[in-house]
Structure formats: C-alpha cells, structure tokens
Amino acid sequence: MRTLAVLHIPEAGGPAQHVRPWLQELAQRGSLEVVAPGEGSALELYSSFAATAVLPYRALSLGRGLFGALRLAGRLAREVRVFRRHMRRTRPDLMVVVTSVVPSAAAAAALSGVPTIVYVGELYDRGLGHRKVRRAGISTLVALLKRSASAIVCCSETVAAQFGSSAVTIYPGIELDRTAAGVEAAQKRAAPRLAVVGNITAARGQDVVVWALPAILRALPGATCVLAGAVLDRAADRGYHDELLALIAQLGLETTVQLAGFVDPVSRVYDEADIVVNPARFNEPLGLVALEALAAGRPVVATRVGAIPEVLTHEQDALLVEPDQPEALAEAIVRLWWDEALRSTLLDHGRRLAGERFELQHSVEEFVKLVDGVLASRSASDRAR
C-alpha cells in the first residue's frame, strides 16, 4: 500500500508528532511519502522510515476579506493542480492529510479518486476573537472537508464537535517507554525547575509564565524555567519571540529563564523538570504536553482552555487555572511545590489516565482500523460500479 501524507508546516509541531506512530505503522504495510511546504524538522521527523518531498503550497489562513478570499481561491486552485500532478507521479492508494488547513490536498485527492483521511488537530474558535469573515470561512472549510474526505479523525471530542456526526475521535497515543526514565520522583531541590513545551507563540502564552516568575521567586528563591520550543518562520512569531526576550530582560530574569529551542526527544525536557506548565491562552485542541509530562512522572499546571478540561480534571490529574492570570499561575505552582500529598495524588491519577486513555498501541490500532474501513468501503464502491 502506497500512502501519501501531507503536513501543513515544515516544523515538527503537534499534529506531525501526534500521527507519527500511525503513519509509521502504515509505512510498514508498503511505502510512505511525507510532503511539506518547505524543508524543516517535520520532514526530519519522518526521514528514517519515509520518503520526503517539498511541494509549493501553504496552510490556509482564514478571514482575509472579499478580495483576499478571491486571491485565496486562485491559490487553492493552483495547489489542487500541484497535488494532482504529484499523485499522478506517485500513484498513492491512500492520502492522509495531517491538518484541516490544507483543503487543497483533500480536494485534489477527491478529484483523483484517492481515498483520504483528514486528521484535525485544530480548534477553529481559538478563543482570541472571531470576525464575521472568519466565521464564514470556517463554515466553508468544514463543508469542503465533509465533502472531500473519506473520513475525518479528530484529536479530541472538543475538536470533533465542530463537524457534528461527520467525525470520529482517536486520541493520540503517548510513548510511555520513551518517558519511562523520568517516572521516578525528581530529587527534592530547594526550588523547582519549571518547563514549558511548545512553539514560541503568543497563543501558547510563554509570557504569562515570565510574568508569574517574580511572584514565584519571592516564594521559591532559585526557581528556574526552561521554554522548549521552536520559533516558526512567521512575522508574528518572530515578533513575539523578540518581545519575550525584552520582557525577560525587563524583569531581570536572564539567569532564570532559558530558551532551549526545539528539543528532540522532548522526554529530555520532562526528565530535567520538576513541574511542567502549560500557560496557553488559546483554545487547546488537546493539550498532549500535559499528558506526556504526567506519563513522565512530572506534575502539571495548565490553563482551563479548549479541550484541556475534557482530558484533565482539576485537583485530580493537574491543577487548572484561568488563562492570562500570572498571579493564579504562580499560586498554583508554589502550592504544588510545597504540597507533596497533592503532587503524589496528581501523579498517580495522571499517569493512570495517560496509560489507560492514551495508550500508544491502542491509538495505533484504532487508526489502522479506520484506514481498513476506508479502504474496504472504497473497494466495495469500486466493485459496485
């Protein structure tokens, strides 16, 4: 079986890592080619077991106004032709589009008669404000995906709700073996090492942790924080990175905060941390970092956004706070550091949750079952013609 997978950015973000074990299983059934809109860490993530290629397309950006929408329509038509040409050369039996924001790939597959699974790791309501044009664009995108995809699979029930009954949920699996080295409780230090994992973007809220650090340091002198994540090649993200550096300098935290860049494997970050913090201000589609941290034996403080409350229960699996509240974040971190009984409860519940609900092999099996169903349905349809 020849599988073609389409990524939406060159960097190894969440969706590309979520589906990696699924696609590796498909690669063992035949061959796998992974394409991206540029060279980067995303293709490196797959290069050991898949062919890789770069094609000229871009992820969709919604809410451009009337003239922007017309230009976008022309661009999408060109991208459909790019994907169809590539499929004529490579003749895939299945396409997996690892995002909902490259609709041209799903449309090209539908026009070419190639069964397509779209993995959705996006919540369209990011909780950052909605313009009318954006809402119209979202409705159009959802309708297009429903029409062109053979199946839509989502990373959480919260994400799947955007598609009504047209989508299924398969939670990404957690590679517990990779994080097993960090399960043992960290050596008790005088102050915690905090870790924030995720691309450096305003939506992920690394600045909220930085604002919280003066209060944390007053209670826990010597606390440190590592921000592990790449800066995507976008003007807004480069600007946010510069603002973050300026804020760190303004607060005199140069020796407290370390920007580590993209770290692979991420288990290295968890193993060296005492508390993992997810300060996101946008609606998280899942919040897999928190689950990976719990699997690694590290307690979590996260914001109550998006699908986070779907997968984590406050004071049972993690401590949850409201977004954009540095004081509440600092208070939760200090409380978690001093309260050993609470920390133990969160880790016991959280690791059980990660091992039962997000077990890797079960996740892979669920995805393969979906693939088999899609291919069987296509074969039945072909025989009926």
# chains A, B, ... in the order shown; residues from 1 in each chain; ligands from 1
>>> select_by_dssp(residues="range 129-260 of chain A", states="strand (DSSP E)", output="VMD selection string")
chain A and resid 151 to 154 167 to 169 193 to 197 224 to 228 257 to 260
>>> residues_around(residues="Val120 in chain A", least_positions_apart="5", cutoff="10 Å", atoms="only C-alpha atoms", output="MDAnalysis selection string")
chainID A and resid 15 97:101 152:156 159:160 167 169 285
>>> write_last_selection(atoms="all heavy atoms", output="tab-separated table (two decimals), in the first residue's frame")
chain	number	residue	atom	x	y	z
A	15	PRO	N	0.52	18.24	15.50
A	15	PRO	CA	-0.10	17.23	14.63
A	15	PRO	C	0.90	16.29	13.98
A	15	PRO	O	0.65	15.07	13.92
A	15	PRO	CB	-0.84	18.09	13.59
A	15	PRO	CG	-1.16	19.36	14.32
A	15	PRO	CD	0.03	19.60	15.21
A	97	VAL	N	-4.09	13.57	5.23
A	97	VAL	CA	-3.79	15.00	5.35
A	97	VAL	C	-3.75	15.31	6.84
A	97	VAL	O	-4.76	15.22	7.54
A	97	VAL	CB	-4.85	15.86	4.63
A	97	VAL	CG1	-4.42	17.32	4.62
A	97	VAL	CG2	-5.05	15.37	3.20
A	98	VAL	N	-2.56	15.69	7.33
A	98	VAL	CA	-2.34	15.81	8.77
A	98	VAL	C	-2.72	17.20	9.26
A	98	VAL	O	-2.00	17.84	10.02
A	98	VAL	CB	-0.87	15.46	9.11
A	98	VAL	CG1	-0.68	15.34	10.62
A	98	VAL	CG2	-0.47	14.15	8.45
A	99	THR	N	-3.82	17.70	8.76
A	99	THR	CA	-4.31	19.02	9.14
A	99	THR	C	-5.60	19.28	8.38
A	99	THR	O	-5.83	18.68	7.32
A	99	THR	CB	-3.29	20.12	8.76
A	99	THR	OG1	-3.83	21.40	9.08
A	99	THR	CG2	-2.97	20.10	7.28
A	100	SER	N	-6.39	20.19	8.89
A	100	SER	CA	-7.59	20.59	8.14
A	100	SER	C	-7.35	21.87	7.35
A	100	SER	O	-8.25	22.30	6.61
A	100	SER	CB	-8.76	20.80	9.11
A	100	SER	OG	-8.51	21.90	9.97
A	101	VAL	N	-6.18	22.47	7.49
A	101	VAL	CA	-5.95	23.78	6.87
A	101	VAL	C	-5.15	23.68	5.58
A	101	VAL	O	-4.54	24.66	5.15
A	101	VAL	CB	-5.31	24.77	7.87
A	101	VAL	CG1	-6.29	25.10	8.99
A	101	VAL	CG2	-4.01	24.24	8.43
A	152	ILE	N	-12.92	11.84	8.60
A	152	ILE	CA	-12.33	12.92	9.37
A	152	ILE	C	-12.09	12.39	10.77
A	152	ILE	O	-13.02	11.93	11.44
A	152	ILE	CB	-13.26	14.15	9.43
A	152	ILE	CG1	-13.51	14.70	8.02
A	152	ILE	CG2	-12.66	15.24	10.32
A	152	ILE	CD1	-14.56	15.81	7.97
A	153	VAL	N	-10.84	12.43	11.21
A	153	VAL	CA	-10.50	11.94	12.54
A	153	VAL	C	-9.91	13.09	13.34
A	153	VAL	O	-9.07	13.85	12.84
A	153	VAL	CB	-9.52	10.75	12.47
A	153	VAL	CG1	-8.26	11.10	11.71
A	153	VAL	CG2	-9.17	10.24	13.86
A	154	CYS	N	-10.37	13.25	14.57
A	154	CYS	CA	-10.01	14.41	15.39
A	154	CYS	C	-9.26	13.98	16.64
A	154	CYS	O	-9.40	12.85	17.12
A	154	CYS	CB	-11.26	15.19	15.78
A	154	CYS	SG	-12.19	15.83	14.36
A	155	CYS	N	-8.47	14.91	17.18
A	155	CYS	CA	-7.62	14.59	18.33
A	155	CYS	C	-8.36	14.64	19.65
A	155	CYS	O	-7.83	14.21	20.67
A	155	CYS	CB	-6.42	15.54	18.37
A	155	CYS	SG	-6.85	17.28	18.68
A	156	SER	N	-9.59	15.18	19.67
A	156	SER	CA	-10.38	15.24	20.90
A	156	SER	C	-11.85	15.36	20.55
A	156	SER	O	-12.21	15.71	19.41
A	156	SER	CB	-9.95	16.43	21.77
A	156	SER	OG	-10.29	17.66	21.14
A	159	VAL	N	-12.70	18.94	19.50
A	159	VAL	CA	-12.43	19.22	18.09
A	159	VAL	C	-13.48	18.56	17.20
A	159	VAL	O	-13.99	19.17	16.25
A	159	VAL	CB	-11.01	18.76	17.71
A	159	VAL	CG1	-10.80	18.84	16.20
A	159	VAL	CG2	-9.97	19.60	18.44
A	160	ALA	N	-13.83	17.32	17.51
A	160	ALA	CA	-14.79	16.59	16.68
A	160	ALA	C	-16.16	17.25	16.65
A	160	ALA	O	-16.88	17.16	15.66
A	160	ALA	CB	-14.91	15.15	17.18
A	167	ALA	N	-17.39	13.25	12.13
A	167	ALA	CA	-16.00	12.99	12.53
A	167	ALA	C	-15.96	11.98	13.66
A	167	ALA	O	-16.92	11.82	14.42
A	167	ALA	CB	-15.33	14.30	12.95
A	169	THR	N	-13.26	10.51	16.91
A	169	THR	CA	-12.15	10.92	17.77
A	169	THR	C	-11.23	9.74	18.02
A	169	THR	O	-11.68	8.66	18.41
A	169	THR	CB	-12.66	11.45	19.13
A	169	THR	OG1	-13.47	12.60	18.90
A	169	THR	CG2	-11.49	11.83	20.03
A	285	PRO	N	-6.52	22.29	21.33
A	285	PRO	CA	-7.30	21.19	20.76
A	285	PRO	C	-7.22	19.92	21.60
A	285	PRO	O	-8.11	19.10	21.57
A	285	PRO	CB	-6.66	20.98	19.39
A	285	PRO	CG	-5.92	22.24	19.10
A	285	PRO	CD	-5.46	22.75	20.42
>>> closest_residue(among="A:Ala354, A:Glu365, A:Thr256, A:Ala202", to="Arg238 in chain A", atoms="only C-alpha atoms")
A:Ala202
>>> closest_residue(among="A:Gln361, A:Thr201, A:Thr158, A:Asn278", to="Leu291 in chain A", atoms="only C-alpha atoms")
A:Asn278
>>> closest_residue(among="A:Leu253, A:Thr313, A:Gly113, A:Thr224", to="Glu272 in chain A", atoms="only C-alpha atoms")
A:Thr224
>>> select_by_dssp(residues="range 3-129 of chain A", states="helix (DSSP H, G or I)", output="JSON, numbers by chain")
{"A": [14, 15, 16, 17, 18, 20, 21, 22, 23, 24, 25, 26, 27, 41, 42, 43, 44, 45, 46, 65, 66, 67, 68, 69, 70, 71, 72, 73, 74, 75, 76, 77, 78, 79, 80, 81, 82, 83, 84, 85, 86, 87, 88, 89, 90, 103, 104, 105, 106, 107, 108, 109, 110, 111, 112]}
>>> atom_distance(atom1="CA of Val142 in chain A", atom2="CA of Gly121 in chain A")
13.4 Å
>>> atom_distance(atom1="CA of Asp233 in chain A", atom2="CA of Gly14 in chain A")
16.1 Å
>>> closest_residue(among="A:Leu111, A:Leu60, A:Leu288, A:Val300", to="Gly137 in chain A", atoms="only C-alpha atoms")
A:Leu60
